[in-house]
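Below is one structure, written out as structure tokens; the observations come after it.
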Protein chains: 2
Amino acid sequence: MNITIHQTHHQVADFSGLFSFLQKLFEKKNGDYKGLHLFPENFLTGYPLKDLCLQKSFICSYQKFLKDLNKLSLQFFGQNPEKLSGTTLLLGGLSYSFDKEGLPTQIKNVIYKLTPGKELEALYTKRLLPNYDIYDERKYFAPGEELKIWDFEGKKILLLICEDMWPSHFYKIDPIKEAKEHCQKKNILLDLIINISASPFHLGKAEKRIDRAQEISHVLGAPMVYVNRVGGEDEILFDGGSFITDEKNLLREGKTFEKDELQFKLSSPPQKVTAKESDSFIQTVNTWESFFNPQLNFKSSPAELNPLNDLQCETILKAIGFGIQEYAKKCGLNNFIVALSGGMDSALVVTLIKLFLKKDQLLEALYMPGFYSANLSFELSQKLCQNLNIPMFQFPIKFLHSTVRNSFQDAFKEDLQGLADENIQSRLRGSFLYARSNLTNAMVLNTSNKSELAVGYSTLYGDSVGALSPLGDLYKSEVFALANYINKKYNNIIPEQVITRPPSAELREGQEDAHSLPPYERLDAILEGFLSYRMSQEDLIKHGHNNEEVSKVFKLYQKSEFKRFQFCPIIKLKAKSFGFGYRMPLSSKNID
Amino acid sequence: MNITIHQTHHQVADFSGLFSFLQKLFEKKNGDYKGLHLFPENFLTGYPLKDLCLQKSFICSYQKFLKDLNKLSLQFFGQNPEKLSGTTLLLGGLSYSFDKEGLPTQIKNVIYKLTPGKELEALYTKRLLPNYDIYDERKYFAPGEELKIWDFEGKKILLLICEDMWPSHFYKIDPIKEAKEHCQKKNILLDLIINISASPFHLGKAEKRIDRAQEISHVLGAPMVYVNRVGGEDEILFDGGSFITDEKNLLREGKTFEKDELQFKLSSPPQKVTAKESDSFIQTVNTWESFFNPQLNFKSSPAELNPLNDLQCETILKAIGFGIQEYAKKCGLNNFIVALSGGMDSALVVTLIKLFLKKDQLLEALYMPGFYSANLSFELSQKLCQNLNIPMFQFPIKFLHSTVRNSFQDAFKEDLQGLADENIQSRLRGSFLYARSNLTNAMVLNTSNKSELAVGYSTLYGDSVGALSPLGDLYKSEVFALANYINKKYNNIIPEQVITRPPSAELREGQEDAHSLPPYERLDAILEGFLSYRMSQEDLIKHGHNNEEVSKVFKLYQKSEFKRFQFCPIIKLKAKSFGFGYRMPLSSKNID
């Protein structure tokens, strides 16, 4: 049996695009397309849809699309009865139930079978609906209740959708265990396991998917096909990397962050299940984040953040480049603008965009020196832009800043000073950056990192502005690692001093991050403890961290919730990111 | 049997506050406190906790608090065995299960029984866990599986938690129907139904709660006690309004938006259930919003928004005043600042704050005229501040604006014009407003309304700034209604011309909202159709709306998602608000 994995890349609700895509597939002349064709979860709709799947405008368009597909199938087969016999498509989609008034009562996340000449048929409904972190599937979908072993051309095929292969303490059922028991009881030898997914990217997840698939393949005694989609949906990236594996060997692997097509011939006869009866093959997890993303090294004291290796840096680089381009495309923007400060974060952001810039796209940098900007900041920014071969505009804010100071004296008979004087510089810069972007129709990239976001080390409506945050899920020490990796790979494209000079916001005389925050390596470890391991202060102190530092960081973290609330979308790179999956009260009682 | 309803008002996770509260209750000398004491859902923790309930810092503090309560109960009773006999407390709280490593595996939303002299005992677990709109309960809690009819002092009492009384198409079970069948089968005559809730406010909900309670009281043949909490948690208000009702008459009703205590003597003997076997007493609902909030009048053509009546205006007034004060208290801010434009929205916001201002709080207005500000805007702002007896500062932006224009020419050799020139004025104002708030430690109130938010008629980081949005859930026509209501009640405190002049952003010569948007009455009806009824464009056209207007509004709505994403918390006043319960992709394909 020939199997084709379609690792597709379509926009959410792009029904006309999907229709053309399937029409073209139907019209292929050669015999390559005989066999079984697999498409990702929610291929027919896109994912995640969030509230869009409840909107009548979406529902009507989608229902019309399904009707058109059925027509295509019936008509096309009528005209070409020979060409497509032996071809079957499995497509992820949604199946709606309606009441008398045409309003939806239930939505199921299903696998549709499409055999040319016949109408779409829902074969299987997703059983495990994730509802943690970024997932809200219980909000929209009703879970399926039955295991499905599909008889197809004499083969026994277990069908799964995404989360179905990840039973955990969140669920009452375990579809894999159930499948095993069912096969043993009924004496079924499985030929294949198919999992169609829409699985969001984060660092280390690709490896876990393969490990888990091999574990399941071992237990159920059949190879597994894993189909994933490609795309960037606001904060969330789908990285593809579809694969076919048996219990030991990865037989085929798709590209990451781009569409792909994998072909595969299923020939090997099924194996008798050899695994022990009582195989407990999923690790008990209590924090989903720590299962996927063991970032802290507890062997050192104090516990420290595991450093990023080159392979991880390369993956992050690719992910961020993809995420920026996806967001720009969907927003219809072709130009980019970044405010350079002379510091590392903004230097890295502008470099990242440049590395992935397309031919017809423009990128410019804006340098806005104020009273406290060092000459070095200008020199380094200019050097960087020369290295990158992009224009840098200077927009000095000194005169405007002093004008505002004077106007303040006039209006309020008070000096603009302290935090107010620091913040106004940052907010003026934010305003001018957006003024320029209004003129050039450019997308403003935010330059904050995860450490700054966590402790509120930024000015709301100032340096926190932007359409998208590429670094918002990387701690400062990871920003360093990524910058160093890029310099190694791209011949020191970022001036070295940008990386080695002490970080500063340059909003007052002699300001340095290190004066008000613990050193970044300790800060980052403490934050990772709070965020991904949900540790208490006591836990962190047990792991060798300093009482005062932990307490200071925790206080800063708690009181900056309002800044994170109004922040732009963050490209999600880790299991725990400040974004849609992070939901905290803004004004809760402080807890020590 | 004496029953006391404690309609409490405590901050989330305020364990020391709760402990003192309960300790004081234990120490009361008189006999009034004999009997059954009822507390709201999640009384022991606060609600909503969101991810806080997963954080170890929270969990440890909460577990310690429960231990302390148990100690209090045992010790106190040891010292005063006679005083509290016959006293029992029912308290909403969370019950955690832990694994070997002390990490939580399951959280249940329960009713604890606390009898002095004994430890806390979980009597009942909430069965219906809402997961739509603002609710994420399936994310955190595991549902209970059993009905609970509690035998207490010879009485049969049905226990429910909040959503348990609202079965709908979201759930597979119906606890009310089950209770009825159970009672009939076992020949049980119920004496009482208790529902402890943490039920968020929105317009019209209080009436629905009473209707529904009476319906249940009728079906189950027993009176119902409904206990609700009081508090403002970011966007969400809990309005109290606890009550006791039988099938026809409201026997007692608590205050709204403040704490209260209701006492009640349960004496009447239970009644035989008289309702028909097949009573289907909950309306089938497909959009939760339209069930709670029928805002559109479909009898008119085009369909129009039902106007707010005086009672609704009074409720909204109270809700907004409460919401502002709650947020300020929790953020530790005692001063307020509002930017006045001379238009109605900002005039209404400053008036609302003034009406609820406490003695030790300061409120100031900031008027920032630019090139396009009419003299009338100044005069009306000044008049309003005189009427309200609050200081108004003037901070002209003309000179700064022209300085920015010149600097732009210098830096980019291009004129600052069009949208860029409009937006910069709004962003400069936002920056100066925040500079002033930094100096006075004042909370900045946002002045946008729901119509503006829906069509993106605001400048990101400009007039969209603020810590909290009091009007973000009111359409422009409702803002008019509220302003008129206040003027009727408070002797025309808002200068009439503020209400009658044509709305304008005053960012360019002769700008008026009406030139780029449909008239507000039609705009608002179209928006309500999209948002609360999830209508398609076709639906709205069927209901008499103009094709072009509908299409224009829909386009503006779709392309302004990024502005709403970075908006501040909005006080929720309606079933469907732009806030935590509104979850839309930012960059999806447009759907007609």
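Starting from 1 in every chain, residues are counted up; chains themselves are A, B, ... following the order of the structure tokens, and ligands are numbered from 1 as listed.
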> Near chain B, which residues of chain A fall within 7 Å when you count only C-alpha atoms, and what do they look like as a VMD selection string?
Replying inline: chain A and resid 11 to 14 49 to 52 55 to 58 103 to 105 131 to 132 138 to 139 169 233 to 234 286 330 to 331 393 to 395 411 419 to 420 424 427 to 428 431 435 438 to 439 461 534 to 536 566 to 568 583 to 589 591 to 592
>> Using only C-alpha atoms, which protein or nucleic acid residues come within 8 Å of Arg127 in chain A? Drop anything in the same chain fewer than 2 positions from it, and give the result as a ChimeraX atom specification.
In response: /A:125,129,143-146,161,164,175
> In Å, how far is it from CA of Ser469 in chain A to CA of Lys574 in chain A?
Replying inline: 13.9 Å
> Near range 504-514 of chain B, counting only C-alpha atoms, which residues have an atom at most 10 Å away, once you skip same-chain residues fewer than 2 positions from it, shown as a PyMOL selection string?
Replying inline: chain B and resi 341-344+369-374+377+418-419+421-426+452+457-458+463+501-502+516-520
> Taking the backbone alone, and naming residues the way the document does, which bits of range 3-249 of chain B are strand (DSSP E) by DSSP, as a ChimeraX atom specification?
Replying inline: /B:3-7,35-38,87-98,104-114,121-125,149-152,155-161,192-196,224-227,230-233,236-239,243-245
Export of the given selection (C-alpha atoms) as an mmCIF file, in the first residue's frame:
data_model
loop_
_atom_site.group_PDB
_atom_site.id
_atom_site.type_symbol
_atom_site.label_atom_id
_atom_site.label_comp_id
_atom_site.auth_asym_id
_atom_site.auth_seq_id
_atom_site.Cartn_x
_atom_site.Cartn_y
_atom_site.Cartn_z
ATOM 1 C CA ILE B 3 -29.480 29.763 58.380
ATOM 2 C CA THR B 4 -27.018 32.612 57.853
ATOM 3 C CA ILE B 5 -25.811 33.569 54.405
ATOM 4 C CA HIS B 6 -22.390 35.174 54.453
ATOM 5 C CA GLN B 7 -22.147 37.237 51.300
ATOM 6 C CA GLY B 35 -27.260 27.193 63.081
ATOM 7 C CA LEU B 36 -26.063 26.700 59.558
ATOM 8 C CA HIS B 37 -23.626 29.214 58.059
ATOM 9 C CA LEU B 38 -23.232 29.377 54.305
ATOM 10 C CA THR B 87 -23.133 25.475 64.615
ATOM 11 C CA THR B 88 -22.031 24.214 61.220
ATOM 12 C CA LEU B 89 -20.319 26.060 58.410
ATOM 13 C CA LEU B 90 -20.498 25.182 54.714
ATOM 14 C CA LEU B 91 -17.570 26.761 52.922
ATOM 15 C CA GLY B 92 -16.573 26.718 49.271
ATOM 16 C CA GLY B 93 -12.974 25.714 48.681
ATOM 17 C CA LEU B 94 -10.585 23.593 46.678
ATOM 18 C CA SER B 95 -9.552 20.048 47.505
ATOM 19 C CA TYR B 96 -6.185 18.934 46.135
ATOM 20 C CA SER B 97 -4.847 15.434 45.492
ATOM 21 C CA PHE B 98 -1.077 15.085 45.430
ATOM 22 C CA PRO B 104 -0.963 18.164 42.529
ATOM 23 C CA THR B 105 -2.649 15.552 40.362
ATOM 24 C CA GLN B 106 -6.239 16.702 40.734
ATOM 25 C CA ILE B 107 -8.128 19.719 42.038
ATOM 26 C CA LYS B 108 -11.778 19.596 43.014
ATOM 27 C CA ASN B 109 -14.094 22.535 43.567
ATOM 28 C CA VAL B 110 -15.911 21.477 46.741
ATOM 29 C CA ILE B 111 -18.197 22.363 49.620
ATOM 30 C CA TYR B 112 -16.405 21.847 52.924
ATOM 31 C CA LYS B 113 -18.300 21.247 56.124
ATOM 32 C CA LEU B 114 -16.719 22.757 59.227
ATOM 33 C CA GLU B 121 -14.727 17.606 55.529
ATOM 34 C CA ALA B 122 -15.423 17.826 51.783
ATOM 35 C CA LEU B 123 -19.128 17.086 51.355
ATOM 36 C CA TYR B 124 -19.706 17.666 47.679
ATOM 37 C CA THR B 125 -17.766 18.299 44.453
ATOM 38 C CA ILE B 149 -28.451 15.136 49.356
ATOM 39 C CA TRP B 150 -27.122 16.029 52.752
ATOM 40 C CA ASP B 151 -28.816 14.834 55.918
ATOM 41 C CA PHE B 152 -28.452 17.588 58.447
ATOM 42 C CA LYS B 155 -33.428 17.868 57.105
ATOM 43 C CA LYS B 156 -32.774 16.740 53.534
ATOM 44 C CA ILE B 157 -30.680 19.337 51.761
ATOM 45 C CA LEU B 158 -29.602 19.246 48.101
ATOM 46 C CA LEU B 159 -26.132 20.741 47.653
ATOM 47 C CA LEU B 160 -25.149 22.523 44.454
ATOM 48 C CA ILE B 161 -22.257 24.699 43.381
ATOM 49 C CA LEU B 192 -33.903 22.861 51.146
ATOM 50 C CA ILE B 193 -31.687 23.450 48.131
ATOM 51 C CA ILE B 194 -28.394 25.242 48.695
ATOM 52 C CA ASN B 195 -26.382 26.696 45.849
ATOM 53 C CA ILE B 196 -23.093 28.361 46.734
ATOM 54 C CA MET B 224 -33.527 27.517 47.500
ATOM 55 C CA VAL B 225 -30.742 29.492 49.115
ATOM 56 C CA TYR B 226 -28.377 31.157 46.678
ATOM 57 C CA VAL B 227 -25.092 32.439 48.115
ATOM 58 C CA VAL B 230 -18.749 40.086 46.244
ATOM 59 C CA GLY B 231 -15.581 41.354 44.620
ATOM 60 C CA GLY B 232 -13.896 42.740 41.574
ATOM 61 C CA GLU B 233 -11.230 40.521 40.027
ATOM 62 C CA ILE B 236 -14.849 40.381 36.391
ATOM 63 C CA LEU B 237 -17.231 41.652 39.049
ATOM 64 C CA PHE B 238 -19.039 39.479 41.574
ATOM 65 C CA ASP B 239 -22.185 41.314 42.505
ATOM 66 C CA PHE B 243 -31.184 35.355 48.051
ATOM 67 C CA ILE B 244 -33.646 32.859 49.414
ATOM 68 C CA THR B 245 -36.677 31.987 47.375
#
>> I want to know what sits within 8 Å of Tyr557 in chain B, based on only C-alpha atoms, with residues of the same chain fewer than 5 positions away left out; could you give that as a ChimeraX atom specification?
In response: /B:454-456
Serialized selection, C-alpha atoms, as a PDB file, in the first residue's frame:
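Saved the output as again.pdb:
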ATOM      1  CA  ALA B 454     -14.885  46.785  17.841  1.00  0.00           C
ATOM      2  CA  VAL B 455     -13.989  48.820  14.761  1.00  0.00           C
ATOM      3  CA  GLY B 456     -10.474  49.780  15.879  1.00  0.00           C
TER       4      GLY B 456
END
>> Restricting the calculation to only C-alpha atoms: of A:Leu527, A:Ala206, A:Leu311, A:Val338, which residue gets closest to Lys576 in chain A?
In response: A:Leu527
>> To test your reading of the structure, identify every residue in range 355-446 of chain A that backbone DSSP assigns to alpha helix (DSSP H), and report it as number ranges by chain.
In response: A: 355, 375-388, 398-412, 418-440
Create the file for the chosen residues now, containing N, CA and C atoms and written as a compact mmCIF listing (two decimals), in the first residue's frame.
# COMPACT_ATOMS: atom_id res chain seq x y z
N LEU A 355 18.40 37.96 8.42
CA LEU A 355 18.78 36.61 7.99
C LEU A 355 17.66 35.91 7.22
N ASN A 375 28.04 57.24 23.37
CA ASN A 375 28.50 57.28 21.98
C ASN A 375 28.68 55.89 21.42
N LEU A 376 29.14 55.01 22.30
CA LEU A 376 29.36 53.63 21.89
C LEU A 376 28.07 53.00 21.33
N SER A 377 26.94 53.39 21.91
CA SER A 377 25.66 52.83 21.44
C SER A 377 25.43 53.19 19.98
N PHE A 378 25.72 54.45 19.66
CA PHE A 378 25.60 54.88 18.26
C PHE A 378 26.56 54.11 17.37
N GLU A 379 27.82 54.05 17.79
CA GLU A 379 28.85 53.41 16.95
C GLU A 379 28.53 51.95 16.68
N LEU A 380 28.10 51.27 17.73
CA LEU A 380 27.80 49.85 17.58
C LEU A 380 26.57 49.63 16.69
N SER A 381 25.57 50.49 16.85
CA SER A 381 24.36 50.36 16.03
C SER A 381 24.71 50.59 14.56
N GLN A 382 25.53 51.61 14.34
CA GLN A 382 25.92 51.92 12.96
C GLN A 382 26.73 50.77 12.35
N LYS A 383 27.65 50.26 13.15
CA LYS A 383 28.49 49.15 12.68
C LYS A 383 27.61 47.94 12.33
N LEU A 384 26.65 47.64 13.20
CA LEU A 384 25.75 46.51 12.95
C LEU A 384 25.00 46.69 11.63
N CYS A 385 24.46 47.90 11.43
CA CYS A 385 23.67 48.14 10.21
C CYS A 385 24.56 48.07 8.97
N GLN A 386 25.81 48.49 9.11
CA GLN A 386 26.74 48.32 7.99
C GLN A 386 26.94 46.83 7.70
N ASN A 387 27.20 46.09 8.77
CA ASN A 387 27.39 44.64 8.59
C ASN A 387 26.19 43.98 7.91
N LEU A 388 24.99 44.45 8.31
CA LEU A 388 23.77 43.83 7.79
C LEU A 388 23.35 44.44 6.45
N LYS A 398 16.74 64.20 22.28
CA LYS A 398 17.18 65.12 23.34
C LYS A 398 16.36 66.40 23.38
N PHE A 399 16.22 67.06 22.21
CA PHE A 399 15.53 68.33 22.20
C PHE A 399 14.06 68.16 22.61
N LEU A 400 13.45 67.11 22.08
CA LEU A 400 12.05 66.85 22.43
C LEU A 400 11.91 66.54 23.92
N HIS A 401 12.84 65.78 24.42
CA HIS A 401 12.82 65.43 25.84
C HIS A 401 12.91 66.69 26.70
N SER A 402 13.83 67.59 26.34
CA SER A 402 13.95 68.80 27.19
C SER A 402 12.74 69.71 27.00
N THR A 403 12.16 69.70 25.80
CA THR A 403 10.93 70.47 25.59
C THR A 403 9.81 69.93 26.49
N VAL A 404 9.70 68.62 26.56
CA VAL A 404 8.67 68.03 27.43
C VAL A 404 8.95 68.42 28.89
N ARG A 405 10.21 68.37 29.28
CA ARG A 405 10.55 68.77 30.66
C ARG A 405 10.09 70.20 30.94
N ASN A 406 10.35 71.09 29.99
CA ASN A 406 9.93 72.49 30.18
C ASN A 406 8.41 72.63 30.23
N SER A 407 7.76 71.95 29.31
CA SER A 407 6.30 72.03 29.29
C SER A 407 5.71 71.50 30.60
N PHE A 408 6.36 70.48 31.15
CA PHE A 408 5.89 69.95 32.43
C PHE A 408 5.99 70.97 33.53
N GLN A 409 7.13 71.66 33.58
CA GLN A 409 7.30 72.73 34.55
C GLN A 409 6.17 73.75 34.39
N ASP A 410 5.92 74.16 33.15
CA ASP A 410 4.87 75.15 32.88
C ASP A 410 3.50 74.66 33.35
N ALA A 411 3.17 73.43 33.00
CA ALA A 411 1.81 72.95 33.24
C ALA A 411 1.58 72.56 34.70
N PHE A 412 2.57 71.91 35.31
CA PHE A 412 2.32 71.34 36.64
C PHE A 412 3.15 71.97 37.75
N GLY A 418 12.85 61.41 38.07
CA GLY A 418 12.74 60.01 38.52
C GLY A 418 12.18 59.11 37.43
N LEU A 419 11.30 58.19 37.86
CA LEU A 419 10.72 57.22 36.93
C LEU A 419 9.99 57.91 35.78
N ALA A 420 9.30 59.02 36.09
CA ALA A 420 8.54 59.72 35.05
C ALA A 420 9.47 60.22 33.95
N ASP A 421 10.64 60.71 34.34
CA ASP A 421 11.60 61.21 33.36
C ASP A 421 12.25 60.05 32.59
N GLU A 422 12.43 58.93 33.25
CA GLU A 422 12.98 57.76 32.55
C GLU A 422 11.97 57.23 31.53
N ASN A 423 10.74 57.04 32.01
CA ASN A 423 9.72 56.44 31.15
C ASN A 423 9.38 57.30 29.93
N ILE A 424 9.40 58.63 30.11
CA ILE A 424 8.98 59.47 28.98
C ILE A 424 9.92 59.28 27.80
N GLN A 425 11.19 59.04 28.08
CA GLN A 425 12.13 58.81 26.97
C GLN A 425 11.74 57.56 26.20
N SER A 426 11.43 56.52 26.97
CA SER A 426 11.07 55.26 26.34
C SER A 426 9.76 55.41 25.55
N ARG A 427 8.80 56.16 26.11
CA ARG A 427 7.50 56.32 25.44
C ARG A 427 7.60 57.22 24.22
N LEU A 428 8.44 58.25 24.30
CA LEU A 428 8.65 59.08 23.12
C LEU A 428 9.23 58.22 22.00
N ARG A 429 10.21 57.40 22.36
CA ARG A 429 10.80 56.52 21.33
C ARG A 429 9.74 55.60 20.72
N GLY A 430 8.89 55.02 21.58
CA GLY A 430 7.82 54.16 21.08
C GLY A 430 6.92 54.91 20.10
N SER A 431 6.59 56.15 20.44
CA SER A 431 5.70 56.95 19.58
C SER A 431 6.36 57.25 18.23
N PHE A 432 7.65 57.60 18.26
CA PHE A 432 8.32 57.95 17.00
C PHE A 432 8.54 56.73 16.13
N LEU A 433 8.83 55.62 16.78
CA LEU A 433 8.98 54.36 16.05
C LEU A 433 7.69 54.04 15.30
N TYR A 434 6.55 54.21 15.99
CA TYR A 434 5.27 53.93 15.35
C TYR A 434 4.91 54.98 14.30
N ALA A 435 5.34 56.23 14.51
CA ALA A 435 5.10 57.26 13.49
C ALA A 435 5.81 56.87 12.20
N ARG A 436 7.06 56.46 12.34
CA ARG A 436 7.81 56.04 11.16
C ARG A 436 7.14 54.81 10.52
N SER A 437 6.70 53.87 11.32
CA SER A 437 6.09 52.66 10.76
C SER A 437 4.78 52.98 10.06
N ASN A 438 4.07 54.02 10.55
CA ASN A 438 2.85 54.44 9.87
C ASN A 438 3.15 54.95 8.47
N LEU A 439 4.30 55.62 8.32
CA LEU A 439 4.66 56.18 7.01
C LEU A 439 5.13 55.11 6.03
N THR A 440 5.83 54.10 6.53
CA THR A 440 6.41 53.11 5.63
C THR A 440 5.60 51.82 5.59
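Each of A:Val553, A:Ile316, A:Met1, A:Leu471 was checked against Gly86 in chain A using only C-alpha atoms; the smallest atom-to-atom distance is that of A:Met1.
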